[in-house]
$ cat work_7.cif   # mmCIF, C-alpha atoms
data_work
#
loop_
_atom_site.label_atom_id
_atom_site.label_comp_id
_atom_site.auth_asym_id
_atom_site.auth_seq_id
_atom_site.Cartn_x
_atom_site.Cartn_y
_atom_site.Cartn_z
CA MET A 1 66.53 59.42 80.22
CA LYS A 2 70.07 59.16 78.82
CA LYS A 3 70.00 62.90 78.07
CA LEU A 4 68.94 63.71 81.61
CA SER A 5 71.72 61.50 83.03
CA LEU A 6 74.27 63.20 80.76
CA ILE A 7 73.08 66.69 81.78
CA ILE A 8 73.27 65.79 85.48
CA ALA A 9 76.76 64.33 85.02
CA VAL A 10 77.93 67.48 83.21
CA LEU A 11 76.48 69.74 85.93
CA ILE A 12 78.09 67.72 88.74
CA THR A 13 81.45 67.71 86.92
CA ALA A 14 81.28 71.43 86.20
CA HIS A 15 80.41 72.17 89.83
CA SER A 16 83.28 70.08 91.17
CA PHE A 17 85.79 71.90 88.96
CA ALA A 18 84.35 75.39 89.49
CA GLN A 19 86.63 77.26 91.81
CA THR A 20 86.34 80.84 92.81
CA LYS A 21 89.15 83.24 91.99
CA GLN A 22 90.15 85.19 95.06
CA THR A 23 91.10 88.87 94.89
CA VAL A 24 93.82 90.27 97.13
CA THR A 25 92.33 92.98 99.36
CA LYS A 26 95.28 93.50 101.71
CA SER A 27 98.80 92.11 101.95
CA ALA A 28 102.00 92.36 103.97
CA VAL A 29 105.30 90.95 102.75
CA ASN A 30 108.09 91.35 105.30
CA TYR A 31 111.65 90.07 105.36
CA GLU A 32 114.37 89.62 107.94
CA ILE A 33 118.08 89.06 107.37
CA LYS A 34 121.16 89.58 109.53
CA ASN A 35 123.64 92.25 108.44
CA LEU A 36 126.82 92.53 110.51
CA GLY A 37 125.12 90.12 112.92
CA ILE A 38 122.25 92.55 113.48
CA LYS A 39 118.71 91.62 112.54
CA THR A 40 117.59 93.84 109.63
CA THR A 41 113.96 93.97 108.54
CA GLY A 42 111.98 95.47 105.73
CA LYS A 43 108.90 95.12 103.60
CA LEU A 44 107.81 94.93 100.00
CA GLY A 45 104.57 96.23 98.52
CA GLY A 46 102.74 95.95 95.24
CA LEU A 47 101.68 92.31 95.63
CA GLN A 48 99.51 91.13 92.75
CA ALA A 49 98.18 87.59 92.62
CA ASP A 50 95.93 85.22 90.74
CA ILE A 51 94.63 82.94 93.47
CA ILE A 52 92.37 79.98 92.87
CA PHE A 53 92.54 78.07 96.13
CA ASP A 54 90.08 75.46 97.35
CA LYS A 55 91.24 73.56 100.43
CA ALA A 56 88.90 70.70 99.46
CA ASN A 57 90.40 70.48 95.96
CA LEU A 58 94.13 71.18 96.21
CA ALA A 59 94.98 69.39 92.96
CA THR A 60 93.33 72.14 90.92
CA SER A 61 94.31 75.04 93.17
CA THR A 62 96.85 77.56 91.87
CA ILE A 63 98.57 80.69 93.05
CA GLU A 64 100.69 82.96 90.91
CA ALA A 65 101.98 86.10 92.58
CA THR A 66 104.33 88.96 91.77
CA ILE A 67 105.81 91.63 93.97
CA ASP A 68 107.30 94.93 92.84
CA VAL A 69 110.90 95.06 94.07
CA ASN A 70 110.95 98.85 93.54
CA THR A 71 108.74 99.07 96.65
CA ILE A 72 111.42 97.65 98.96
CA ASP A 73 111.42 99.59 102.24
CA SER A 74 114.02 98.90 104.92
CA ASP A 75 113.35 102.21 106.67
CA ASN A 76 116.64 103.54 105.26
CA ALA A 77 116.56 105.24 101.82
CA MET A 78 120.30 104.80 101.20
CA ARG A 79 120.08 101.06 101.94
CA ASP A 80 116.93 100.76 99.80
CA ASN A 81 118.74 102.31 96.84
CA HIS A 82 121.65 99.91 97.38
CA LEU A 83 119.24 96.93 97.48
CA LYS A 84 117.75 98.05 94.15
CA ALA A 85 121.22 98.15 92.53
CA GLU A 86 122.70 95.53 90.21
CA ASP A 87 124.60 93.56 92.87
CA TYR A 88 121.42 93.03 94.88
CA PHE A 89 118.00 92.94 93.17
CA ASP A 90 118.91 94.82 89.94
CA VAL A 91 115.43 96.34 89.66
CA GLU A 92 116.28 98.00 86.35
CA HIS A 93 116.44 94.56 84.70
CA TYR A 94 114.37 92.48 87.16
CA PRO A 95 111.62 94.66 88.69
CA LYS A 96 109.44 91.73 89.86
CA ILE A 97 109.78 88.68 92.06
CA VAL A 98 107.49 85.89 90.84
CA MET A 99 106.09 82.86 92.65
CA LYS A 100 104.09 80.15 90.84
CA SER A 101 102.60 77.21 92.69
CA THR A 102 103.35 73.66 91.56
CA ALA A 103 101.51 71.70 94.29
CA PHE A 104 99.75 71.98 97.64
CA LYS A 105 99.50 69.54 100.56
CA HIS A 106 97.16 69.59 103.52
CA ARG A 107 98.93 69.15 106.88
CA GLY A 108 95.83 69.03 109.08
CA GLY A 109 93.44 71.67 110.34
CA ASN A 110 94.16 75.01 108.67
CA ASN A 111 97.78 74.06 107.91
CA PHE A 112 99.06 73.61 104.37
CA VAL A 113 102.35 73.50 102.46
CA GLY A 114 102.71 75.02 99.03
CA ASN A 115 105.47 74.15 96.61
CA PHE A 116 106.36 77.12 94.44
CA ASN A 117 108.83 78.07 91.76
CA MET A 118 110.29 81.41 92.83
CA THR A 119 112.04 83.66 90.32
CA ILE A 120 114.38 86.43 91.46
CA LYS A 121 116.79 88.14 89.05
CA GLY A 122 115.91 85.66 86.30
CA LYS A 123 116.83 82.63 88.43
CA THR A 124 114.08 80.15 89.31
CA LYS A 125 114.34 77.82 92.29
CA PRO A 126 111.81 75.63 94.13
CA VAL A 127 110.61 76.97 97.48
CA GLU A 128 108.43 75.26 100.07
CA VAL A 129 106.03 77.58 101.89
CA PRO A 130 104.20 76.33 105.00
CA PHE A 131 101.06 78.42 105.57
CA THR A 132 97.72 78.59 107.28
CA TYR A 133 94.50 79.30 105.42
CA ILE A 134 91.32 80.41 107.13
CA GLU A 135 88.21 81.14 105.14
CA SER A 136 84.83 82.66 105.78
CA ALA A 137 81.85 82.88 103.45
CA ASN A 138 83.38 85.64 101.35
CA ALA A 139 87.03 86.03 102.46
CA GLY A 140 90.25 84.11 102.90
CA LEU A 141 93.35 84.69 105.01
CA PHE A 142 96.74 83.21 104.09
CA LYS A 143 99.66 83.44 106.58
CA GLY A 144 103.01 81.89 105.82
CA SER A 145 106.70 82.09 106.55
CA PHE A 146 109.65 80.59 104.68
CA LYS A 147 113.40 80.93 104.25
CA ILE A 148 115.44 81.47 101.11
CA ASN A 149 119.16 81.53 100.47
CA ARG A 150 120.10 84.79 98.75
CA HIS A 151 122.97 83.06 96.90
CA ASP A 152 120.46 80.83 95.08
CA PHE A 153 119.23 83.97 93.32
CA GLY A 154 122.47 85.93 92.98
CA VAL A 155 121.43 88.59 95.51
CA GLY A 156 124.14 90.42 97.46
CA GLY A 157 127.21 88.89 95.86
CA LYS A 158 129.87 87.49 98.17
CA SER A 159 129.17 89.82 101.06
CA MET A 160 130.93 88.64 104.21
CA VAL A 161 128.69 90.73 106.50
CA LEU A 162 125.29 89.75 105.11
CA ALA A 163 123.74 86.43 106.22
CA ASP A 164 123.03 83.88 103.51
CA GLU A 165 119.50 83.11 104.66
CA ALA A 166 116.54 85.49 104.72
CA THR A 167 113.14 84.84 106.27
CA VAL A 168 110.04 86.02 104.41
CA ASP A 169 106.69 86.42 106.19
CA LEU A 170 103.45 86.75 104.21
CA VAL A 171 99.95 87.78 105.23
CA VAL A 172 97.43 87.97 102.39
CA GLU A 173 93.75 88.75 102.81
CA THR A 174 91.41 87.95 99.93
CA SER A 175 87.82 88.31 98.93
CA LYS A 176 85.96 85.64 96.98
#

$ encode --input "work_7.cif" --output "structure tokens"
Amino acid sequence: MKKLSLIIAVLITAHSFAQTKQTVTKSAVNYEIKNLGIKTTGKLGGLQADIIFDKANLATSTIEATIDVNTIDSDNAMRDNHLKAEDYFDVEHYPKIVMKSTAFKHRGGNNFVGNFNMTIKGKTKPVEVPFTYIESANAGLFKGSFKINRHDFGVGGKSMVLADEATVDLVVETSK
């Protein structure tokens, strides 16, 4: 009887900690920043992520994502090359932007907040990302938007024409 109780306890514990890794099937990472007072937009591709997210068990959920800065596309090749240069993203030395979750909070309904450590150009800063998460039997959809200060990461130097704050919008579809 003690063996049966132990086996049941192990199975229940294993089930409660078993989370499904989600695979990114589609993603969109867009940014917006003002340059000379004019709204400038662009996108980044090459998102790769290890996502283990269970809205019922946030304490053991994790997300670690990277994006390839070489994929930056502002719809202007000359500007893209400038953004890849040393004074902006310095893709030769820092080809990836990395985000690693540190905690998640449920805000009601499908609304969550993720705390992440974001690394750009070798500098790591905490970033709070409000997002929605909708799941079906075999898929998940994350949508979020957050702001970062480019100076925190040494991007763009002391430009007087470029705004300090950029907005990043994320849409990530996953399969389970």

$ residues_around --input "work_7.cif" --residues "A:Ala49" --least-positions-apart "6" --cutoff "9 Å" --atoms "all atoms listed in the file" --output "list in words"
Gln22, Thr23, Val24, Ile63, Glu64, Ala65, Thr66 and Ile67 of chain A

$ write_last_selection --input "work_7.cif" --atoms "C-alpha atoms" --output "PDB file, in the frame of the given file"
ATOM      1  CA  GLN A  22      90.150  85.190  95.060  1.00  0.00           C
ATOM      2  CA  THR A  23      91.100  88.870  94.890  1.00  0.00           C
ATOM      3  CA  VAL A  24      93.820  90.270  97.130  1.00  0.00           C
ATOM      4  CA  ILE A  63      98.570  80.690  93.050  1.00  0.00           C
ATOM      5  CA  GLU A  64     100.690  82.960  90.910  1.00  0.00           C
ATOM      6  CA  ALA A  65     101.980  86.100  92.580  1.00  0.00           C
ATOM      7  CA  THR A  66     104.330  88.960  91.770  1.00  0.00           C
ATOM      8  CA  ILE A  67     105.810  91.630  93.970  1.00  0.00           C
TER       9      ILE A  67
END

$ resolve_selection --input "work_7.cif" --expression "the PyMOL selection byres ((chain A and resi 99) around 10)" --output "PyMOL selection string"
chain A and resi 49+63-67+96-98+100-102+115-120+124-127

$ atom_distance --input "work_7.cif" --atom1 "atom CA of A:Gly122" --atom2 "atom CA of A:Phe53"
26.5 Å

$ closest_residue --input "work_7.cif" --among "A:Asp68, A:Asp80, A:Asp164, A:Asp169" --to "A:Pro130" --atoms "only C-alpha atoms"
A:Asp169

$ axis_aligned_box --input "work_7.cif" --around "stretch 104-115 of chain A" --padding-each-side "6 Å" --output "JSON"
{"center_x": 99.5, "center_y": 72.0, "center_z": 103.5, "size_x": 24.0, "size_y": 18.0, "size_z": 25.7}

$ atom_distance --input "work_7.cif" --atom1 "atom CA of A:Lys158" --atom2 "atom CA of A:Ala77"
22.5 Å

$ closest_residue --input "work_7.cif" --among "A:Ile52, A:Ile33, A:Val161, A:Val91" --to "A:Gly140" --atoms "only C-alpha atoms"
A:Ile52

$ closest_residue --input "work_7.cif" --among "A:Lys84, A:Lys105, A:Lys34, A:Arg79" --to "A:Glu128" --atoms "only C-alpha atoms"
A:Lys105

$ residues_near_point --input "work_7.cif" --point "(118.7, 91.9, 99.6)" --cutoff "9 Å" --atoms "only C-alpha atoms" --output "list in words"
Ile33, His82, Leu83, Lys84, Tyr88, Phe89, Arg150, Val155, Gly156, Leu162 and Ala166 of chain A

$ atom_distance --input "work_7.cif" --atom1 "atom CA of A:Gly45" --atom2 "atom CA of A:Ile148"
18.5 Å

$ residues_around --input "work_7.cif" --residues "stretch 110-114 of chain A" --least-positions-apart "6" --cutoff "7 Å" --atoms "only C-alpha atoms" --output "MDAnalysis selection string"
chainID A and resid 101 103:104 128:134

$ closest_residue --input "work_7.cif" --among "A:Asn30, A:Thr71, A:Thr62, A:Ser175" --to "A:Lys143" --atoms "all atoms listed in the file"
A:Asn30
